[in-house]
Amino acid sequence: MWIRFASFLMRNRLPVLVGTLLLVALAAWQARGVQMSYEPAKVLPSSDSAMAQYQEFLGLFGEQANVVVLGVEHPDFFSASALQSWDSLESKLNRIEKVDWTLSPRTLWELAYSDQRFSIDTVGTVPGLKAELDSLPFYREVLWNSDASIYVMFVGLDEKVIHTAQREKVVGQIQGLVEAYEQEQKRVVHVSGLPYIRTETIRASAAEIKLFVGLAALVTALVLLFFFRSIRAIAVPLIVVAFGVVLSGATLNILGFKITSLIGLIPPLLIVIGVPNAVYMITKYHMEFARHGNQMKALTRMVFKTGKAIVLTNLTTAVGFGTLAITKSELLIQFGLVAFISIMGLFVLSILLIPIIFSFLPEPKKRHLRHLDRKGASFLSSFLQSATEHHRKWIYGVAVVILIFGILGMVRIVPSGRISDDMPIKSKAFQDLRFFEKHFEGVMPFEVMVRTSDEGAILRSRGLWKKIDQLQDSLSGLKGLSRSVSVIELIKYANQSMYQGSPEFYELPNSFDASRLRSSLATSQLGSGNLLRDYLDSRRSVIRIRARMADMGTPELSALTTRVEGISRSIFDDSEVRVFFTGASVVLMKSADYLIKNLLLSLFTAIFIIALLMALLFRSYKMVLISMLPNLLPLFFTAGVMGWAGIPLKASNCLIFGVAFGISVDDTIHFLSRYRQLLTSTGGKIREAVLMTLKETGLSMAYTSIILFFGFSIFMASEFGGTVALGMLVSLTLLVAMFTNLTLLPALLIGLHKEARELPFIEEPDEVETEETHL
């Protein structure tokens, strides 16, 4: 089949070239509509209990991840000039379109009680402001931290812009006003909150996509120049992978997906993954041309001798990504599907364009073929043949040591997932997040819902008030959680206002006072909105407890929620009351744990599918074992490095294993495909076929592995810790895989098979019929 395809391709090269270029032009037109995603990554399926609870919470109380938090450390905050600047900042912020409200020590509302009615007043004048604020426990440790002279402003954004591109504009306007305040007051304003963090993350991700594409092209070009010393050998592969990137953009737009931080990795990945196709093909082209000097014959042989191997290698690489599509996570499904289609599309472009483009270029000159006879290449070939033939026991011994190292390291790996995993460590956003954690226990929303079966019970039952107050006291005592606020705090505040605002009466009312304030509190207004709507549902049967939490890892969050569940069960022994924990932060962190589980599932699925492909190809369990061992061993080694180096297992680095396995097995397929051909031509002489395969494919395998190593190393230039880990660990895995495929694989072929009759290969006409009849 491949001989016929190669002959057809070279005889019809012009119409095929024109058709392919028209397809690329159409793809470029489609790719124009690709957009960035401003929505939170959809990781958890809607059926997941955590997501179901969060959706229920949003239905009752609305979006709660729409607040930007500003904090300033200012010992002279209450001076006239400082307050004037603060008031000016807050006034300007309120004039920004899509900013709904602000709340700070200067604009907080004060609850007053007169004539058996509650009313809303503003805080006092400048001279007595500090003393007045100190008399309001309701806001303490929420709007200020007196011990550190830190004051906070909450900026609420319109819920409709939170998940749109307009959010970036609004956050940018806020940042502009904050910078002006900083210059005027000579103070640093710390900014945080999910809208700000997500905006900064998207900005950094968009900038890094361009950076990585440029670095990937530069690094691969330099490596190709070093190997081939030819401009055409650089230009042709880069043109083809550029077309592949355009095709991926079209795929994204046609499927209706948007660019996420994960999908943004596909363009540079395509460059890094696609160039090895060209390396194998160009190397084979040069080898064939060096033998007989006939360009068209060399190109035709290049296609049919590498075609099957390249389609299998691209298929296994695509499977490494594509298995992500079997998960229930929308984020992984989109990434896996786009990556699979893009990789296979790049294969089609490579197999069509590379031979056609080279057919229109001048024949290779002697200097273009020198890389085939370099001393380094000859030394590598001789060394590998000697090691395989005479030192197999040493190779097996090193493999066992790597396996033991990996297993012992794996047991030390601890899973973890943080919101800050997706943030550049050196960024201001990351540093500001740590600032709020230090002084306010964090800014990430942690929500508790207490549900009763009795409508209106929350405002009627004083006994329930006491239990919820006990729960809040317990929550505030837990490390990583801030002081919480609920309708119980409002009830305490109302009780305080009934006693002329005296702070010592900030407590739950006695039975007599409780009956007085119920009706008044239920009808009190804050501006045009209901005072209780942020804390009670319309049926008055669900109470919301708002708290903030630190940026915890998955183990810490799990321990915290377990602790809180135990506390709530001990307090609410009534089966009629149920307690739920939710919030955007909780969903994000549970999403990280869900991602890890699904990525591991996709890895095992990829291993199974690739093993099945090997079984169908060779129809021998020994060959499946031989082909899988050299590629599983690097995964054990990388897992061992992670364990011994204390690198936690996160969603970002869990992706490493499936990607690296799908790519590393490519060398195995190239080696075994050529081995099969040579085994036939040598009359079943295994040793001779293995050594000849090493000589012919070893150089290409080394070239492509080095390109992949340096190609993935570019991700270490990222500001995101997860992307840095991806680049470092994938590069390491592929480097180890290069050595196992060049040493362990041929050693196993010689050691496990003594006779050719043990290798029941599939008969293939392409491999046994005479080539010249089709040229």
# chains A, B, ... in the order shown; residues from 1 in each chain; ligands from 1
call {"tool": "residues_around", "arguments": {"residues": "Leu557 of chain A", "least_positions_apart": "3", "cutoff": "9 Å", "atoms": "only C-alpha atoms", "output": "VMD selection string"}}
result
chain A and resid 552 to 554 560 to 562 586 589 to 590
call {"tool": "residues_around", "arguments": {"residues": "Leu315 of chain A", "least_positions_apart": "5", "cutoff": "10 Å", "atoms": "only C-alpha atoms", "output": "NGL selection string"}}
result
:A and (309-310 or 320-322 or 340 or 343-344 or 347 or 610 or 613 or 662-663 or 666)
call {"tool": "residues_around", "arguments": {"residues": "Ile263 of chain A", "least_positions_apart": "5", "cutoff": "12 Å", "atoms": "only C-alpha atoms", "output": "PDB file with C-alpha atoms, in the first residue's frame"}}
result
ATOM      1  CA  VAL A  34     -10.666  31.616  17.917  1.00  0.00           C
ATOM      2  CA  GLN A  35     -11.220  33.364  21.263  1.00  0.00           C
ATOM      3  CA  MET A  36      -9.792  33.200  24.761  1.00  0.00           C
ATOM      4  CA  SER A  37     -11.961  31.598  27.447  1.00  0.00           C
ATOM      5  CA  ALA A  41     -12.305  25.709  33.759  1.00  0.00           C
ATOM      6  CA  SER A 205      -1.259  32.573  29.635  1.00  0.00           C
ATOM      7  CA  ALA A 206      -1.954  34.575  26.455  1.00  0.00           C
ATOM      8  CA  ILE A 209       1.433  31.171  24.162  1.00  0.00           C
ATOM      9  CA  VAL A 245      -0.720  25.082  14.147  1.00  0.00           C
ATOM     10  CA  SER A 248      -5.327  23.284  15.244  1.00  0.00           C
ATOM     11  CA  GLY A 249      -6.801  26.796  15.401  1.00  0.00           C
ATOM     12  CA  THR A 251     -10.228  22.690  14.730  1.00  0.00           C
ATOM     13  CA  LEU A 252     -10.721  24.737  17.879  1.00  0.00           C
ATOM     14  CA  PHE A 257     -14.027  25.569  21.905  1.00  0.00           C
ATOM     15  CA  LYS A 258     -12.112  28.521  23.329  1.00  0.00           C
ATOM     16  CA  PRO A 268       4.112  24.881  20.853  1.00  0.00           C
ATOM     17  CA  LEU A 269       3.511  21.169  21.480  1.00  0.00           C
ATOM     18  CA  LEU A 270       2.699  20.676  17.804  1.00  0.00           C
ATOM     19  CA  PHE A 321      -3.493  12.961  24.310  1.00  0.00           C
ATOM     20  CA  GLU A 330     -14.954  19.067  29.923  1.00  0.00           C
ATOM     21  CA  LEU A 331     -11.522  20.719  30.222  1.00  0.00           C
ATOM     22  CA  LEU A 332      -9.682  17.465  29.495  1.00  0.00           C
ATOM     23  CA  ILE A 333     -12.137  16.373  26.815  1.00  0.00           C
ATOM     24  CA  GLN A 334     -11.586  19.578  24.848  1.00  0.00           C
ATOM     25  CA  PHE A 335      -7.807  19.430  25.224  1.00  0.00           C
ATOM     26  CA  GLY A 336      -7.586  15.745  24.321  1.00  0.00           C
ATOM     27  CA  LEU A 337      -9.900  16.016  21.320  1.00  0.00           C
ATOM     28  CA  VAL A 338      -8.191  19.077  19.823  1.00  0.00           C
ATOM     29  CA  ALA A 339      -4.720  17.609  20.437  1.00  0.00           C
ATOM     30  CA  PHE A 340      -5.674  14.271  18.836  1.00  0.00           C
ATOM     31  CA  SER A 342      -4.242  18.343  15.442  1.00  0.00           C
TER      32      SER A 342
END
call {"tool": "residues_around", "arguments": {"residues": "segment 731-734 of chain A", "least_positions_apart": "4", "cutoff": "12 Å", "atoms": "only C-alpha atoms", "output": "ChimeraX atom specification"}}
result
/A:272-273,630-642,656-667,701-702,704-716,724-727,738-741
call {"tool": "residues_around", "arguments": {"residues": "Ser47 of chain A", "least_positions_apart": "6", "cutoff": "12 Å", "atoms": "only C-alpha atoms", "output": "mmCIF file with C-alpha atoms, in the first residue's frame"}}
result
data_model
loop_
_atom_site.group_PDB
_atom_site.id
_atom_site.type_symbol
_atom_site.label_atom_id
_atom_site.label_comp_id
_atom_site.auth_asym_id
_atom_site.auth_seq_id
_atom_site.Cartn_x
_atom_site.Cartn_y
_atom_site.Cartn_z
ATOM 1 C CA GLN A 53 -23.989 21.671 45.771
ATOM 2 C CA TYR A 54 -22.210 24.653 44.253
ATOM 3 C CA GLN A 55 -24.875 25.050 41.562
ATOM 4 C CA LYS A 328 -15.846 13.203 32.268
ATOM 5 C CA SER A 329 -14.002 16.518 32.572
#
call {"tool": "atom_distance", "arguments": {"atom1": "atom CA of Tyr139 of chain A", "atom2": "atom CA of Val443 of chain A"}}
result
15.2 Å
call {"tool": "closest_residue", "arguments": {"among": "A:Arg291, A:Arg301, A:Pro237, A:Lys186", "to": "Ile271 of chain A", "atoms": "only C-alpha atoms"}}
result
A:Pro237
call {"tool": "atom_distance", "arguments": {"atom1": "atom CA of Glu389 of chain A", "atom2": "atom CA of Gly751 of chain A"}}
result
9.5 Å
call {"tool": "residues_around", "arguments": {"residues": "Asp147 of chain A", "least_positions_apart": "6", "cutoff": "12 Å", "atoms": "only C-alpha atoms", "output": "ChimeraX atom specification"}}
result
/A:73-75,134,140-141,439-440
call {"tool": "closest_residue", "arguments": {"among": "A:Phe383, A:Phe118, A:Tyr280, A:Tyr535", "to": "Thr697 of chain A", "atoms": "only C-alpha atoms"}}
result
A:Tyr280
call {"tool": "closest_residue", "arguments": {"among": "A:Met623, A:Leu744, A:Val161, A:Cys654", "to": "Tyr594 of chain A", "atoms": "only C-alpha atoms"}}
result
A:Cys654
call {"tool": "closest_residue", "arguments": {"among": "A:Leu136, A:Leu324, A:Ile609, A:Met10", "to": "Pro355 of chain A", "atoms": "only C-alpha atoms"}}
result
A:Met10
call {"tool": "select_by_dssp", "arguments": {"residues": "segment 464-707 of chain A", "states": "helix (DSSP H, G or I)", "output": "ChimeraX atom specification"}}
result
/A:464-476,487-498,503-505,511-523,554-571,584-618,621-645,651-681,686-707
call {"tool": "closest_residue", "arguments": {"among": "A:Ile231, A:Leu655, A:Ile341, A:Ile404", "to": "Lys597 of chain A", "atoms": "only C-alpha atoms"}}
result
A:Leu655
